[in-house]
>>> print(open('entry11.cif').read())   # mmCIF, C-alpha atoms and all ligand atoms; chains and numbers go by the auth columns
data_target
loop_
_atom_site.group_PDB
_atom_site.id
_atom_site.type_symbol
_atom_site.label_atom_id
_atom_site.label_comp_id
_atom_site.label_asym_id
_atom_site.label_seq_id
_atom_site.Cartn_x
_atom_site.Cartn_y
_atom_site.Cartn_z
_atom_site.B_iso_or_equiv
_atom_site.auth_seq_id
_atom_site.auth_asym_id
ATOM 1 C CA MET A 1 19.533 -66.803 9.414 0.00 1 A
ATOM 2 C CA CYS A 2 20.812 -67.573 5.926 0.00 2 A
ATOM 3 C CA PRO A 3 20.282 -71.022 4.474 0.00 3 A
ATOM 4 C CA SER A 4 23.347 -73.140 3.684 0.00 4 A
ATOM 5 C CA TYR A 5 24.347 -74.414 0.279 0.00 5 A
ATOM 6 C CA ASP A 6 26.970 -76.799 -1.016 0.00 6 A
ATOM 7 C CA TYR A 7 29.836 -75.402 -3.049 0.00 7 A
ATOM 8 C CA GLU A 8 32.806 -76.802 -4.841 0.00 8 A
ATOM 9 C CA CYS A 9 35.981 -74.813 -5.314 0.00 9 A
ATOM 10 C CA LEU A 10 36.949 -74.526 -8.977 0.00 10 A
ATOM 11 C CA ASN A 11 40.571 -74.039 -8.030 0.00 11 A
ATOM 12 C CA CYS A 12 41.308 -76.844 -5.540 0.00 12 A
ATOM 13 C CA TYR A 13 38.050 -78.856 -5.797 0.00 13 A
ATOM 14 C CA TYR A 14 37.448 -78.554 -2.095 0.00 14 A
ATOM 15 C CA LYS A 15 33.786 -79.053 -1.216 0.00 15 A
ATOM 16 C CA PHE A 16 32.300 -76.945 1.498 0.00 16 A
ATOM 17 C CA ILE A 17 29.103 -75.544 2.867 0.00 17 A
ATOM 18 C CA ALA A 18 28.500 -71.837 3.080 0.00 18 A
ATOM 19 C CA SER A 19 25.494 -69.832 4.057 0.00 19 A
ATOM 20 C CA ALA A 20 24.264 -67.239 1.641 0.00 20 A
ATOM 21 C CA PRO A 21 21.068 -65.290 1.153 0.00 21 A
ATOM 22 C CA TYR A 22 18.700 -67.132 -1.181 0.00 22 A
ATOM 23 C CA GLU A 23 19.183 -64.590 -3.994 0.00 23 A
ATOM 24 C CA GLU A 24 22.976 -64.970 -3.797 0.00 24 A
ATOM 25 C CA ARG A 25 23.112 -68.747 -3.545 0.00 25 A
ATOM 26 C CA ASP A 26 24.599 -69.102 -7.044 0.00 26 A
ATOM 27 C CA ASP A 27 27.332 -66.547 -6.428 0.00 27 A
ATOM 28 C CA SER A 28 30.885 -67.662 -5.783 0.00 28 A
ATOM 29 C CA GLN A 29 31.761 -68.182 -2.150 0.00 29 A
ATOM 30 C CA LYS A 30 35.227 -67.871 -0.701 0.00 30 A
ATOM 31 C CA CYS A 31 36.935 -71.253 -0.515 0.00 31 A
ATOM 32 C CA PRO A 32 38.078 -72.057 3.047 0.00 32 A
ATOM 33 C CA GLU A 33 41.032 -74.067 1.670 0.00 33 A
ATOM 34 C CA CYS A 34 42.718 -71.814 -0.886 0.00 34 A
ATOM 35 C CA GLU A 35 40.806 -68.602 -0.092 0.00 35 A
ATOM 36 C CA LEU A 36 39.959 -67.904 -3.710 0.00 36 A
ATOM 37 C CA SER A 37 36.426 -66.910 -4.542 0.00 37 A
ATOM 38 C CA GLU A 38 36.261 -69.316 -7.446 0.00 38 A
ATOM 39 C CA SER A 39 33.609 -71.706 -6.269 0.00 39 A
ATOM 40 C CA LYS A 40 30.349 -72.791 -7.757 0.00 40 A
ATOM 41 C CA ARG A 41 27.307 -74.378 -6.243 0.00 41 A
ATOM 42 C CA TYR A 42 27.759 -78.079 -6.035 0.00 42 A
ATOM 43 C CA TYR A 43 24.841 -80.216 -7.124 0.00 43 A
ATOM 44 C CA GLY A 44 26.923 -83.353 -7.638 0.00 44 A
ATOM 45 C CA LYS A 45 26.510 -86.874 -6.390 0.00 45 A
ATOM 46 C CA MET A 46 25.282 -85.821 -3.005 0.00 46 A
ATOM 47 C CA PRO A 47 21.464 -86.130 -2.954 0.00 47 A
ATOM 48 C CA ALA A 48 19.820 -82.922 -1.810 0.00 48 A
ATOM 49 C CA PHE A 49 18.258 -84.497 1.271 0.00 49 A
ATOM 50 C CA THR A 50 21.566 -85.602 2.812 0.00 50 A
ATOM 51 C CA ARG A 51 22.553 -81.964 2.947 0.00 51 A
ATOM 52 C CA VAL A 52 19.620 -81.337 5.252 0.00 52 A
ATOM 53 C CA THR A 53 20.563 -84.171 7.564 0.00 53 A
ATOM 54 C CA TYR A 54 24.226 -83.460 7.849 0.00 54 A
ATOM 55 C CA VAL A 55 23.929 -79.738 8.340 0.00 55 A
ATOM 56 C CA ASP A 56 22.065 -80.034 11.616 0.00 56 A
ATOM 57 C CA GLY A 57 21.558 -83.754 12.140 0.00 57 A
ATOM 58 C CA THR A 58 17.795 -83.566 12.331 0.00 58 A
ATOM 59 C CA LYS A 59 14.938 -84.186 9.988 0.00 59 A
ATOM 60 C CA ARG A 60 13.762 -80.656 9.919 0.00 60 A
ATOM 61 C CA LYS A 61 10.934 -79.144 7.926 0.00 61 A
ATOM 62 C CA GLY A 62 11.429 -79.692 4.219 0.00 62 A
ATOM 63 C CA PHE A 63 13.148 -83.042 4.624 0.00 63 A
ATOM 64 C CA THR A 64 10.260 -85.003 3.099 0.00 64 A
ATOM 65 C CA GLU A 65 10.020 -82.629 0.158 0.00 65 A
ATOM 66 C CA LEU A 66 13.733 -82.822 -0.530 0.00 66 A
ATOM 67 C CA LYS A 67 13.689 -86.590 -0.283 0.00 67 A
ATOM 68 C CA ARG A 68 10.794 -86.716 -2.732 0.00 68 A
ATOM 69 C CA ALA A 69 12.624 -84.338 -5.060 0.00 69 A
ATOM 70 C CA SER A 70 15.614 -86.639 -4.942 0.00 70 A
ATOM 71 C CA GLU A 71 13.457 -89.638 -5.839 0.00 71 A
ATOM 72 C CA LEU A 72 12.019 -87.678 -8.752 0.00 72 A
ATOM 73 C CA GLU A 73 15.544 -86.848 -9.881 0.00 73 A
ATOM 74 C CA SER A 74 16.316 -90.522 -10.276 0.00 74 A
ATOM 75 C CA GLU A 75 13.002 -91.120 -12.038 0.00 75 A
ATOM 76 C CA LYS A 76 13.836 -88.243 -14.354 0.00 76 A
ATOM 77 C CA SER A 77 17.199 -89.720 -15.301 0.00 77 A
ATOM 78 C CA GLY A 78 15.335 -92.772 -16.629 0.00 78 A
ATOM 79 C CA LEU A 79 13.229 -90.669 -18.990 0.00 79 A
ATOM 80 C CA PRO A 80 14.122 -89.460 -22.466 0.00 80 A
ATOM 81 C CA PRO A 81 15.120 -85.755 -22.381 0.00 81 A
ATOM 82 C CA ASP A 82 11.958 -84.499 -24.112 0.00 82 A
ATOM 83 C CA GLU A 83 9.756 -86.065 -21.415 0.00 83 A
ATOM 84 C CA ARG A 84 11.597 -84.592 -18.452 0.00 84 A
ATOM 85 C CA GLY A 85 9.823 -81.207 -18.414 0.00 85 A
ATOM 86 C CA PRO A 86 6.878 -81.951 -16.102 0.00 86 A
ATOM 87 C CA ILE A 87 8.933 -83.942 -13.610 0.00 87 A
ATOM 88 C CA GLN A 88 11.570 -81.195 -13.536 0.00 88 A
ATOM 89 C CA LYS A 89 8.840 -78.663 -12.705 0.00 89 A
ATOM 90 C CA GLU A 90 7.713 -80.790 -9.802 0.00 90 A
ATOM 91 C CA ILE A 91 11.296 -81.093 -8.558 0.00 91 A
ATOM 92 C CA ASP A 92 11.750 -77.329 -8.776 0.00 92 A
ATOM 93 C CA SER A 93 8.570 -76.653 -6.841 0.00 93 A
ATOM 94 C CA LEU A 94 9.537 -79.156 -4.128 0.00 94 A
ATOM 95 C CA LYS A 95 12.944 -77.579 -3.728 0.00 95 A
ATOM 96 C CA LYS A 96 11.472 -74.114 -3.349 0.00 96 A
ATOM 97 C CA LEU A 97 9.714 -75.104 -0.109 0.00 97 A
HETATM 98 ZN ZN ZN B . 39.879 -73.780 -3.084 0.00 101 A
#
>>> encode(input="entry11.cif", output="structure tokens")
Amino acid sequence: MCPSYDYECLNCYYKFIASAPYEERDDSQKCPECELSESKRYYGKMPAFTRVTYVDGTKRKGFTELKRASELESEKSGLPPDERGPIQKEIDSLKKL
């Protein structure tokens, strides 16, 4: 089964979830509202770990890692840009799980 990702339509700003193979997760998905394929992955205000909970309502495997990654994201935003490298690496590795 393909994992699900959040997208935002660039045409009508509708936010939706679509499943896509991991390698194609950054490709445009067809918007269910206006049916244009002009969407982008949405990383916005929604913390990554809520996605996990609302997709299937359970704390499945990976929940802890995503929650930790989200905490690191807020820590990162408090750092000056040139000190964000290491923490960003940790976030990336957590999100790969
Ligand atoms: Zn749309």
>>> resolve_selection(input="entry11.cif", expression="the PyMOL selection byres (((chain A and resi 19) around 8) and not hetatm)", output="PyMOL selection string")
chain A and resi 2-5+17-18+20-21
>>> residues_near_ligand(input="entry11.cif", ligand="ligand ZN 101 (chain A)", cutoff="6 Å", atoms="all atoms listed in the file", output="list in words")
Cys9, Asn11, Cys12, Tyr14, Cys31, Glu33, Cys34 and Leu36 of chain A
>>> closest_residue(input="entry11.cif", among="A:Glu65, A:Asp82, A:Glu38, A:Glu71", to="Glu8 (chain A)", atoms="only C-alpha atoms")
A:Glu38
>>> closest_residue(input="entry11.cif", among="A:Leu66, A:Leu10, A:Met1, A:Leu72", to="Lys89 (chain A)", atoms="all atoms listed in the file")
A:Leu72
>>> resolve_selection(input="entry11.cif", expression="the PyMOL selection byres (((chain A and resi 91) around 8) and not hetatm)", output="ChimeraX atom specification")
/A:69-70,72-73,87-90,92-95
>>> closest_residue(input="entry11.cif", among="A:Lys15, A:Arg84, A:Arg68, A:Lys40", to="Asp27 (chain A)", atoms="all atoms listed in the file")
A:Lys40
>>> atom_distance(input="entry11.cif", atom1="CA of Tyr42 (chain A)", atom2="CA of Tyr22 (chain A)")
15.0 Å
>>> atom_distance(input="entry11.cif", atom1="CA of Ser74 (chain A)", atom2="CA of Gly62 (chain A)")
18.7 Å
>>> atom_distance(input="entry11.cif", atom1="CA of Arg41 (chain A)", atom2="CA of Gln29 (chain A)")
8.7 Å
